[in-house]
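This is entry-v3.cif (mmCIF, C-alpha atoms).
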```cif
data_model
#
loop_
_atom_site.label_atom_id
_atom_site.label_comp_id
_atom_site.auth_asym_id
_atom_site.auth_seq_id
_atom_site.Cartn_x
_atom_site.Cartn_y
_atom_site.Cartn_z
CA MET A 1 95.18 81.98 81.81
CA THR A 2 97.56 80.58 79.23
CA ASP A 3 101.04 79.42 80.14
CA PRO A 4 102.72 82.55 78.71
CA GLU A 5 100.27 84.70 80.66
CA ASN A 6 101.10 82.82 83.85
CA LYS A 7 104.82 83.32 83.19
CA ALA A 8 104.30 87.03 82.60
CA LEU A 9 102.23 87.40 85.76
CA ALA A 10 104.84 85.55 87.83
CA LEU A 11 107.58 87.83 86.49
CA VAL A 12 105.59 90.99 87.20
CA ARG A 13 104.62 89.79 90.68
CA ASP A 14 108.23 88.97 91.51
CA ALA A 15 109.46 92.40 90.41
CA LEU A 16 106.64 94.18 92.23
CA THR A 17 107.62 92.68 95.58
CA ARG A 18 110.42 95.26 95.66
CA TYR A 19 108.07 98.18 95.02
CA THR A 20 104.82 97.47 96.92
CA ASP A 21 103.68 95.96 100.20
CA THR A 22 100.95 93.91 98.54
CA PRO A 23 101.54 90.14 98.78
CA PRO A 24 102.16 88.58 95.35
CA GLU A 25 99.12 86.33 95.65
CA ASP A 26 96.92 89.43 95.92
CA ILE A 27 98.20 90.83 92.61
CA HIS A 28 96.01 89.86 89.65
CA PRO A 29 95.80 90.94 86.00
CA GLU A 30 92.86 93.22 86.74
CA THR A 31 94.65 94.92 89.66
CA LEU A 32 95.19 98.62 88.99
CA LEU A 33 98.70 99.99 89.54
CA ALA A 34 97.15 102.97 91.33
CA ASP A 35 95.61 100.58 93.87
CA LEU A 36 99.11 99.25 94.55
CA GLN A 37 100.23 102.88 95.06
CA VAL A 38 102.60 102.58 92.10
CA ASP A 39 103.45 106.19 91.15
CA SER A 40 105.09 107.07 87.85
CA LEU A 41 108.65 106.93 89.25
CA THR A 42 107.99 103.49 90.69
CA LEU A 43 106.45 102.40 87.39
CA ALA A 44 109.61 103.50 85.60
CA GLU A 45 111.77 101.54 88.06
CA LEU A 46 109.53 98.50 87.63
CA LEU A 47 109.64 98.58 83.82
CA PHE A 48 113.42 99.05 83.79
CA GLU A 49 113.86 96.13 86.18
CA LEU A 50 111.69 93.95 83.94
CA GLU A 51 113.75 95.07 80.94
CA ASP A 52 116.93 94.02 82.70
CA LYS A 53 115.45 90.60 83.47
CA LEU A 54 114.14 90.10 79.93
CA GLY A 55 117.15 91.60 78.17
CA LYS A 56 114.73 93.46 75.90
CA SER A 57 113.23 96.95 75.81
CA ILE A 58 109.63 97.21 76.97
CA SER A 59 109.46 100.74 78.37
CA ASP A 60 109.40 102.51 75.00
CA THR A 61 105.63 102.78 75.04
CA THR A 62 103.46 105.79 74.30
CA GLU A 63 100.67 104.82 76.71
CA LEU A 64 101.59 104.18 80.29
CA PRO A 65 100.25 100.93 81.74
CA GLN A 66 97.34 101.33 84.13
CA SER A 67 96.89 97.74 85.29
CA ILE A 68 98.88 94.57 85.85
CA ALA A 69 97.38 93.21 82.61
CA ASP A 70 98.86 96.22 80.76
CA VAL A 71 102.31 95.44 82.18
CA MET A 72 101.88 91.76 81.30
CA ALA A 73 101.03 92.80 77.74
CA LEU A 74 104.36 94.61 77.53
CA VAL A 75 106.24 91.64 78.98
CA GLN A 76 104.66 88.82 76.98
CA PRO A 77 106.11 89.57 73.52
CA ALA A 78 109.57 89.62 75.05
CA LEU A 79 108.93 86.26 76.71
CA ASP A 80 107.64 84.77 73.46
CA ALA A 81 110.61 85.97 71.42
CA MET B 82 111.21 126.64 97.09
CA SER B 83 109.26 126.25 93.85
CA ASP B 84 105.72 124.92 93.95
CA PRO B 85 104.42 121.81 92.22
CA SER B 86 101.76 122.15 89.56
CA PRO B 87 98.22 122.07 90.98
CA ALA B 88 97.57 118.63 89.46
CA THR B 89 100.50 117.01 91.24
CA PRO B 90 99.81 115.32 94.58
CA LEU B 91 101.97 116.62 97.38
CA PRO B 92 104.82 114.38 98.52
CA ARG B 93 103.92 112.08 101.39
CA ALA B 94 106.00 110.57 104.15
CA LEU B 95 106.85 106.88 103.88
CA HIS B 96 106.48 104.67 106.91
CA PHE B 97 106.99 100.93 106.98
CA GLU B 98 106.43 99.28 110.33
CA GLY B 99 108.83 96.40 110.91
CA GLY B 100 110.97 95.26 113.81
CA ARG B 101 112.30 96.90 116.98
CA HIS B 102 115.15 98.59 115.12
CA ALA B 103 114.09 101.71 113.25
CA VAL B 104 115.81 103.60 110.44
CA LEU B 105 115.05 107.28 109.90
CA LEU B 106 115.98 108.47 106.40
CA PHE B 107 116.04 112.05 105.07
CA HIS B 108 115.70 112.74 101.36
CA GLY B 109 117.72 115.43 99.58
CA LEU B 110 116.94 119.16 99.45
CA SER B 111 113.86 119.97 97.32
CA GLY B 112 113.38 116.26 96.73
CA SER B 113 110.79 113.81 97.98
CA PRO B 114 110.68 110.55 99.97
CA LEU B 115 110.31 108.70 96.65
CA GLU B 116 114.07 109.14 96.15
CA LEU B 117 114.50 106.69 98.99
CA GLN B 118 111.54 104.40 98.39
CA PHE B 119 113.55 101.49 96.98
CA VAL B 120 115.97 101.29 99.91
CA ALA B 121 113.21 102.04 102.43
CA ARG B 122 111.14 99.10 101.21
CA GLY B 123 114.23 96.90 101.06
CA LEU B 124 115.17 97.71 104.66
CA HIS B 125 111.60 96.97 105.67
CA ARG B 126 111.76 93.57 103.96
CA ALA B 127 114.96 92.96 105.93
CA GLY B 128 113.00 93.47 109.15
CA TYR B 129 113.54 97.14 109.97
CA SER B 130 110.96 99.80 110.67
CA VAL B 131 111.63 102.67 108.27
CA HIS B 132 110.44 106.28 108.34
CA VAL B 133 111.11 108.83 105.58
CA PRO B 134 109.50 112.11 106.65
CA VAL B 135 108.46 115.14 104.67
CA MET B 136 109.52 118.51 106.06
CA ALA B 137 108.06 121.92 105.31
CA ASP B 138 110.34 124.19 103.27
CA TYR B 139 112.71 121.27 102.67
CA THR B 140 110.57 118.72 100.80
CA TYR B 141 109.59 119.81 97.31
CA GLY B 142 106.21 121.53 97.25
CA LEU B 143 105.72 121.85 101.02
CA ALA B 144 106.03 125.53 101.87
CA SER B 145 105.26 127.19 105.18
CA PRO B 146 104.99 130.87 106.17
CA GLU B 147 108.26 130.54 108.06
CA GLY B 148 110.28 129.95 104.89
CA CYS B 149 113.39 127.86 104.48
CA SER B 150 116.14 127.98 107.06
CA ALA B 151 118.95 125.64 107.97
CA ARG B 152 118.09 126.01 111.64
CA ARG B 153 114.50 124.94 110.99
CA TRP B 154 115.55 121.91 108.91
CA ALA B 155 117.89 120.79 111.68
CA GLU B 156 115.17 121.25 114.31
CA LEU B 157 112.68 119.22 112.30
CA ALA B 158 115.21 116.43 111.75
CA LEU B 159 115.84 116.25 115.50
CA GLN B 160 112.10 116.26 116.22
CA HIS B 161 111.59 113.29 113.90
CA PHE B 162 114.42 111.41 115.61
CA ASP B 163 113.15 112.22 119.09
CA ALA B 164 109.63 111.13 118.15
CA LEU B 165 110.85 107.71 116.99
CA GLY B 166 113.16 107.15 119.95
CA PRO B 167 110.64 106.00 122.56
CA GLN B 168 108.95 103.62 120.12
CA TYR B 169 111.93 101.42 119.20
CA ASP B 170 114.92 99.70 120.76
CA THR B 171 117.28 101.59 118.47
CA VAL B 172 117.03 104.29 115.83
CA SER B 173 119.57 104.63 113.04
CA VAL B 174 119.62 107.80 110.99
CA GLY B 175 120.60 108.28 107.38
CA GLY B 176 119.96 110.30 104.28
CA LEU B 177 120.78 111.18 100.71
CA CYS B 178 122.87 114.22 99.75
CA LEU B 179 121.83 117.07 102.09
CA GLY B 180 119.70 114.47 103.87
CA ALA B 181 122.97 112.76 104.82
CA VAL B 182 124.16 116.07 106.25
CA LEU B 183 120.97 116.26 108.31
CA ALA B 184 121.60 112.70 109.48
CA LEU B 185 125.13 113.61 110.56
CA HIS B 186 123.73 116.66 112.34
CA VAL B 187 121.36 114.41 114.30
CA GLY B 188 124.22 111.96 114.84
CA ALA B 189 126.26 114.74 116.44
CA LEU B 190 123.49 116.24 118.60
CA ARG B 191 122.12 112.86 119.73
CA ALA B 192 125.46 111.11 119.83
CA ARG B 193 124.56 108.73 122.67
CA GLN B 194 121.16 107.80 121.25
CA VAL B 195 121.85 107.27 117.53
CA ALA B 196 122.55 103.61 116.81
CA THR B 197 124.23 104.03 113.41
CA VAL B 198 124.62 106.73 110.74
CA LEU B 199 124.07 106.01 107.03
CA GLY B 200 125.46 108.66 104.66
CA LEU B 201 124.43 108.25 101.01
CA SER B 202 126.13 110.62 98.53
CA THR B 203 126.90 112.93 101.43
CA GLY B 204 126.91 116.53 100.20
CA LEU B 205 129.53 118.47 102.16
CA HIS B 206 131.16 119.84 98.99
CA TYR B 207 129.26 120.50 95.77
CA ASP B 208 132.33 119.91 93.64
CA GLY B 209 130.99 117.33 91.18
CA TRP B 210 131.63 117.50 87.46
CA GLY B 211 127.95 118.07 86.59
CA ASN B 212 127.40 121.29 88.54
CA PRO B 213 127.02 124.48 86.48
CA TRP B 214 130.17 126.64 86.62
CA TYR B 215 128.30 129.50 88.27
CA THR B 216 127.50 127.43 91.36
CA ARG B 217 131.05 128.32 92.41
CA LEU B 218 129.82 131.92 92.78
CA LEU B 219 127.12 130.84 95.25
CA PRO B 220 128.93 132.19 98.35
CA LEU B 221 128.67 135.69 96.83
CA ALA B 222 124.91 135.46 96.38
CA ARG B 223 124.21 136.28 100.02
CA TRP B 224 125.47 139.82 99.44
CA VAL B 225 123.87 140.41 96.05
CA PRO B 226 120.37 141.96 96.23
CA LEU B 227 117.64 139.64 94.90
CA ALA B 228 120.16 136.87 94.17
CA PRO B 229 118.50 134.49 96.66
CA ARG B 230 115.42 134.60 94.43
CA ILE B 231 117.32 133.26 91.43
CA ARG B 232 116.48 129.71 90.39
CA ILE B 233 119.09 127.26 89.10
CA ARG B 234 117.71 124.74 86.66
CA GLU B 235 118.46 121.05 87.07
CA LYS B 236 120.39 119.80 84.07
CA SER B 237 121.29 116.47 82.59
CA PRO B 238 122.45 113.97 83.81
CA PHE B 239 120.19 114.80 86.81
CA GLY B 240 122.39 112.70 89.11
CA LEU B 241 121.67 109.55 87.12
CA LYS B 242 124.02 107.32 85.15
CA ASP B 243 121.13 105.07 84.11
CA GLU B 244 120.19 106.59 80.77
CA ARG B 245 116.66 105.19 80.81
CA MET B 246 115.85 106.72 84.18
CA ARG B 247 117.52 109.95 83.12
CA ALA B 248 115.33 110.13 80.00
CA TRP B 249 112.24 109.43 82.09
CA ILE B 250 113.05 112.25 84.52
CA GLU B 251 113.96 114.62 81.68
CA ARG B 252 110.60 113.96 80.04
CA GLN B 253 108.80 114.78 83.29
CA PHE B 254 110.82 118.00 83.67
CA ILE B 255 109.96 119.08 80.12
CA GLU B 256 106.28 118.29 80.52
CA SER B 257 105.72 119.83 83.95
CA SER B 258 108.91 121.45 85.31
CA GLN B 259 108.99 118.77 87.99
CA SER B 260 109.37 115.05 88.47
CA ASP B 261 108.28 112.57 91.10
CA MET B 262 111.68 113.16 92.68
CA GLY B 263 111.26 116.90 93.00
CA ALA B 264 111.68 120.26 91.34
CA ALA B 265 113.39 121.06 88.07
CA TYR B 266 114.86 124.11 89.79
CA TYR B 267 116.80 124.92 92.91
CA GLN B 268 116.27 128.27 94.62
CA VAL B 269 119.50 130.06 95.43
CA ALA B 270 117.97 130.92 98.83
CA ASP B 271 117.66 127.17 99.58
CA LEU B 272 121.23 126.53 98.49
CA LEU B 273 122.49 129.32 100.77
CA GLU B 274 120.68 127.71 103.70
CA ALA B 275 122.16 124.38 102.70
CA ARG B 276 125.62 125.94 102.94
CA SER B 277 124.81 127.12 106.46
CA LEU B 278 123.67 123.64 107.48
CA ILE B 279 126.79 122.09 105.97
CA ALA B 280 129.06 124.56 107.80
CA ALA B 281 127.34 123.91 111.12
CA THR B 282 127.42 120.13 110.62
CA ARG B 283 131.07 120.11 109.58
CA ARG B 284 132.00 121.77 112.88
CA ARG B 285 130.12 119.06 114.76
CA LEU B 286 131.44 116.00 112.90
CA PRO B 287 133.84 115.07 115.73
CA ASP B 288 130.78 114.64 117.97
CA VAL B 289 129.50 111.73 115.84
CA ILE B 290 130.46 108.48 117.57
CA ALA B 291 127.93 106.00 116.15
CA PRO B 292 129.10 103.39 113.63
CA THR B 293 128.98 105.16 110.28
CA LEU B 294 128.43 103.81 106.77
CA LEU B 295 129.29 106.09 103.85
CA LEU B 296 128.26 105.13 100.32
CA HIS B 297 129.44 107.38 97.50
CA ALA B 298 129.83 107.08 93.74
CA LEU B 299 133.27 107.69 92.28
CA GLU B 300 131.67 109.55 89.37
CA ASP B 301 129.16 111.51 91.48
CA ASP B 302 128.18 114.47 89.29
CA ARG B 303 127.18 116.73 92.23
CA ALA B 304 129.61 115.97 95.05
CA THR B 305 132.84 114.04 94.68
CA PRO B 306 133.80 111.34 97.21
CA ARG B 307 135.85 114.04 98.95
CA SER B 308 132.72 114.66 101.06
CA ALA B 309 132.59 111.05 102.24
CA TYR B 310 136.32 110.97 102.94
CA GLU B 311 136.08 114.15 105.01
CA VAL B 312 133.29 112.66 107.10
CA ALA B 313 135.24 109.42 107.52
CA VAL B 314 138.28 111.32 108.81
CA LYS B 315 136.47 113.79 111.07
CA VAL B 316 133.87 111.69 112.87
CA HIS B 317 135.02 110.03 116.08
CA ALA B 318 133.27 106.74 115.44
CA SER B 319 135.51 103.74 115.97
CA ASP B 320 133.65 101.96 113.19
CA VAL B 321 133.53 103.79 109.85
CA HIS B 322 132.88 101.90 106.64
CA VAL B 323 133.28 103.65 103.26
CA VAL B 324 131.97 102.03 100.08
CA ILE B 325 132.84 103.59 96.73
CA LEU B 326 130.46 102.76 93.89
CA HIS B 327 131.73 102.49 90.33
CA ASP B 328 128.60 102.51 88.17
CA SER B 329 126.41 105.34 89.52
CA TYR B 330 126.24 109.11 89.71
CA HIS B 331 124.74 111.12 92.58
CA LEU B 332 121.29 109.54 93.07
CA ILE B 333 122.61 106.17 94.15
CA THR B 334 119.25 105.05 95.54
CA LEU B 335 117.73 105.23 92.04
CA ASP B 336 120.72 104.53 89.84
CA ARG B 337 122.29 101.37 88.45
CA GLU B 338 123.68 100.15 91.77
CA LYS B 339 120.64 100.74 93.98
CA GLN B 340 120.49 97.02 94.83
CA LEU B 341 124.14 97.12 95.94
CA VAL B 342 123.38 100.23 98.01
CA LEU B 343 120.53 98.39 99.71
CA THR B 344 122.64 95.27 100.29
CA GLU B 345 125.45 97.31 101.88
CA MET B 346 122.96 99.11 104.15
CA VAL B 347 121.31 95.87 105.28
CA GLN B 348 124.65 94.14 105.91
CA PHE B 349 125.96 97.12 107.86
CA LEU B 350 122.84 97.37 110.02
CA ASP B 351 122.52 93.62 110.55
CA HIS B 352 126.12 93.35 111.69
CA ARG B 353 125.97 96.30 114.10
CA LEU B 354 122.45 95.82 115.44
CA ARG B 355 121.68 92.12 115.30
CA GLU B 356 124.96 90.23 115.27
CA SER B 357 126.73 92.40 117.87
CA PRO B 358 123.93 93.37 120.20
CA GLY B 359 126.18 93.79 123.26
CA GLU B 360 126.89 97.47 122.66
CA LEU B 361 123.24 98.24 122.10
CA SER B 362 122.10 98.01 125.68
CA SER B 363 123.60 101.41 126.51
CA ILE B 364 122.02 102.95 123.40
CA ALA B 365 118.63 101.51 124.35
CA ALA B 366 119.07 102.93 127.85
CA ASN B 367 119.96 106.33 126.40
CA MET B 368 116.88 106.27 124.18
CA SER B 369 114.74 106.33 127.29
CA THR B 370 116.23 109.74 128.13
CA LEU B 371 114.67 111.34 125.04
#
```
What do you get writing this file as structure tokens?
Amino acid sequence: MTDPENKALALVRDALTRYTDTPPEDIHPETLLADLQVDSLTLAELLFELEDKLGKSISDTTELPQSIADVMALVQPALDA
Amino acid sequence: MSDPSPATPLPRALHFEGGRHAVLLFHGLSGSPLELQFVARGLHRAGYSVHVPVMADYTYGLASPEGCSARRWAELALQHFDALGPQYDTVSVGGLCLGAVLALHVGALRARQVATVLGLSTGLHYDGWGNPWYTRLLPLARWVPLAPRIRIREKSPFGLKDERMRAWIERQFIESSQSDMGAAYYQVADLLEARSLIAATRRRLPDVIAPTLLLHALEDDRATPRSAYEVAVKVHASDVHVVILHDSYHLITLDREKQLVLTEMVQFLDHRLRESPGELSSIAANMSTL
């Protein structure tokens, strides 16, 4: 993974610790949110928390993320900016 | 109680196994355990075992042939408390909105066994600024034929000051007449039963002796802090702590200050259960009588 990808994964893992029981080291880009038992309300809370950390909007998306990689893809542009 | 769409999974209880101190949390009327998921997970991370049950005819989408009744809700709440009792050193009981009323009910009826009471947006009076004007006519509905079948639609701000979360919930309501938190409608029949539970609990408030934490938003759109103040004055606990929040509406476990809500709960529990364990020996002994 590239450095920005690693940063995005670390950010997502850190936020997810408040919403799942899965240890951070077991969360990978290919992990499905459904497998972490992230329902749509939890997904909303997660995205809003990431927005607050980044100071940028990422939740205004038409397609809901299905995997950790999808969430990382939302986070990365805000990290790069 | 309105039913969820067939595609929606039914709400499930949350249970997080942690330490020897357990916390039993009740969600609000026609809601789901997800309302409390953030604080439940946070308490678990702090070392507590946490249980958020679902209850037929109280949790959104879980209907039974018996139908809703305040007496049944109170019985179920007590059953959940009594079931946890033998498994842990202490059991604290809390809840959101009408769930806080249920917690106080348990706190009154199991006064010597409940370790602490946690009231979040306690709903003794539905006098908030966001309630429809006609909710004031609710007491009359009991005597109006068919009125209990009327449904009252949830309306913005949905108990949320966080505009992003509010928009998310609103979108779910528009798409499916429900959200992960619960129904887009309240049945008048449920609200009448809620009034009965509130009346019964209010009479028993002086029986509550456990340390009590009350968290309430100043701008609560459903129930003003008057409810929390009334509980604080009427319970006979020597240790009552009231925290007024300044950047939330009714659903404080999902709103802007949910982290502060969690922090206050953890600090309150840690102080009463871990840092001052002397008083707990009698509670632990009483638990064995359940």
Report as an MDAnalysis selection string the set of chain B residues whose atoms approach chain A to within 10 Å, with distances computed over only C-alpha atoms. chainID B and resid 97 115:116 118:123 125:126 243 245:246 249:250 253 260:262 335:336
I'd like the contact shell of B:Leu124 - 10 Å cut-off, all atoms listed in the file, skipping same-chain residues fewer than 3 positions apart - returned as a PDB file with C-alpha atoms, in the coordinates of the input.
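Here's the written file result_17.pdb:
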```
ATOM      1  CA  PHE B  97     106.990 100.930 106.980  1.00  0.00           C
ATOM      2  CA  GLY B  99     108.830  96.400 110.910  1.00  0.00           C
ATOM      3  CA  ALA B 103     114.090 101.710 113.250  1.00  0.00           C
ATOM      4  CA  VAL B 104     115.810 103.600 110.440  1.00  0.00           C
ATOM      5  CA  GLN B 118     111.540 104.400  98.390  1.00  0.00           C
ATOM      6  CA  PHE B 119     113.550 101.490  96.980  1.00  0.00           C
ATOM      7  CA  VAL B 120     115.970 101.290  99.910  1.00  0.00           C
ATOM      8  CA  ALA B 121     113.210 102.040 102.430  1.00  0.00           C
ATOM      9  CA  ALA B 127     114.960  92.960 105.930  1.00  0.00           C
ATOM     10  CA  GLY B 128     113.000  93.470 109.150  1.00  0.00           C
ATOM     11  CA  TYR B 129     113.540  97.140 109.970  1.00  0.00           C
ATOM     12  CA  SER B 130     110.960  99.800 110.670  1.00  0.00           C
ATOM     13  CA  VAL B 131     111.630 102.670 108.270  1.00  0.00           C
ATOM     14  CA  LEU B 343     120.530  98.390  99.710  1.00  0.00           C
ATOM     15  CA  THR B 344     122.640  95.270 100.290  1.00  0.00           C
ATOM     16  CA  MET B 346     122.960  99.110 104.150  1.00  0.00           C
ATOM     17  CA  VAL B 347     121.310  95.870 105.280  1.00  0.00           C
ATOM     18  CA  LEU B 350     122.840  97.370 110.020  1.00  0.00           C
TER      19      LEU B 350
END
```
For this file, the PyMOL selection byres ((chain A and resi 5) around 12) selects which residues, as an MDAnalysis selection string? chainID A and resid 1:4 6:12 28:29 68:80
Just to confirm, what's the straight-line distance from atom CA of B:Val174 to atom CA of B:Leu273 in Å (one decimal)? 24.0 Å
Would you mind reading off the distance between atom CA of B:Gln348 and atom CA of B:Asp170, one decimal, in Å?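 Interatomic distance here is 18.6 Å.
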Extract stretch 4-23 of chain A from the preceding block and save N, CA and C atoms as an mmCIF file, in the first residue's frame.
```cif
data_model
loop_
_atom_site.group_PDB
_atom_site.id
_atom_site.type_symbol
_atom_site.label_atom_id
_atom_site.label_comp_id
_atom_site.auth_asym_id
_atom_site.auth_seq_id
_atom_site.Cartn_x
_atom_site.Cartn_y
_atom_site.Cartn_z
ATOM 1 N N PRO A 4 -0.224 7.291 1.477
ATOM 2 C CA PRO A 4 -1.568 7.841 1.709
ATOM 3 C C PRO A 4 -2.600 6.757 2.030
ATOM 4 N N GLU A 5 -2.463 5.606 1.395
ATOM 5 C CA GLU A 5 -3.393 4.506 1.685
ATOM 6 C C GLU A 5 -3.222 4.020 3.123
ATOM 7 N N ASN A 6 -1.988 3.921 3.560
ATOM 8 C CA ASN A 6 -1.731 3.518 4.946
ATOM 9 C C ASN A 6 -2.323 4.523 5.926
ATOM 10 N N LYS A 7 -2.180 5.818 5.601
ATOM 11 C CA LYS A 7 -2.740 6.861 6.475
ATOM 12 C C LYS A 7 -4.261 6.740 6.536
ATOM 13 N N ALA A 8 -4.854 6.521 5.364
ATOM 14 C CA ALA A 8 -6.325 6.401 5.316
ATOM 15 C C ALA A 8 -6.784 5.178 6.106
ATOM 16 N N LEU A 9 -6.078 4.076 5.957
ATOM 17 C CA LEU A 9 -6.465 2.857 6.677
ATOM 18 C C LEU A 9 -6.332 3.063 8.189
ATOM 19 N N ALA A 10 -5.264 3.721 8.606
ATOM 20 C CA ALA A 10 -5.067 3.966 10.040
ATOM 21 C C ALA A 10 -6.202 4.821 10.598
ATOM 22 N N LEU A 11 -6.596 5.826 9.828
ATOM 23 C CA LEU A 11 -7.680 6.721 10.272
ATOM 24 C C LEU A 11 -8.996 5.954 10.397
ATOM 25 N N VAL A 12 -9.286 5.140 9.398
ATOM 26 C CA VAL A 12 -10.537 4.375 9.397
ATOM 27 C C VAL A 12 -10.531 3.353 10.534
ATOM 28 N N ARG A 13 -9.402 2.680 10.705
ATOM 29 C CA ARG A 13 -9.296 1.698 11.800
ATOM 30 C C ARG A 13 -9.533 2.366 13.149
ATOM 31 N N ASP A 14 -8.902 3.524 13.346
ATOM 32 C CA ASP A 14 -9.030 4.222 14.625
ATOM 33 C C ASP A 14 -10.491 4.592 14.892
ATOM 34 N N ALA A 15 -11.166 5.120 13.876
ATOM 35 C CA ALA A 15 -12.573 5.505 14.067
ATOM 36 C C ALA A 15 -13.448 4.280 14.319
ATOM 37 N N LEU A 16 -13.137 3.192 13.633
ATOM 38 C CA LEU A 16 -13.967 1.986 13.759
ATOM 39 C C LEU A 16 -13.877 1.341 15.139
ATOM 40 N N THR A 17 -12.823 1.622 15.881
ATOM 41 C CA THR A 17 -12.712 0.998 17.210
ATOM 42 C C THR A 17 -13.891 1.380 18.092
ATOM 43 N N ARG A 18 -14.533 2.520 17.783
ATOM 44 C CA ARG A 18 -15.668 2.950 18.600
ATOM 45 C C ARG A 18 -16.986 2.322 18.127
ATOM 46 N N TYR A 19 -16.959 1.608 17.006
ATOM 47 C CA TYR A 19 -18.206 1.115 16.437
ATOM 48 C C TYR A 19 -18.228 -0.394 16.191
ATOM 49 N N THR A 20 -17.087 -1.074 16.364
ATOM 50 C CA THR A 20 -17.079 -2.538 16.208
ATOM 51 C C THR A 20 -16.215 -3.159 17.302
ATOM 52 N N ASP A 21 -16.353 -4.471 17.434
ATOM 53 C CA ASP A 21 -15.505 -5.206 18.389
ATOM 54 C C ASP A 21 -14.253 -5.754 17.724
ATOM 55 N N THR A 22 -14.169 -5.644 16.418
ATOM 56 C CA THR A 22 -13.050 -6.237 15.691
ATOM 57 C C THR A 22 -11.754 -5.484 15.983
ATOM 58 N N PRO A 23 -10.689 -6.199 16.365
ATOM 59 C CA PRO A 23 -9.409 -5.517 16.615
ATOM 60 C C PRO A 23 -8.926 -4.804 15.346
#
```
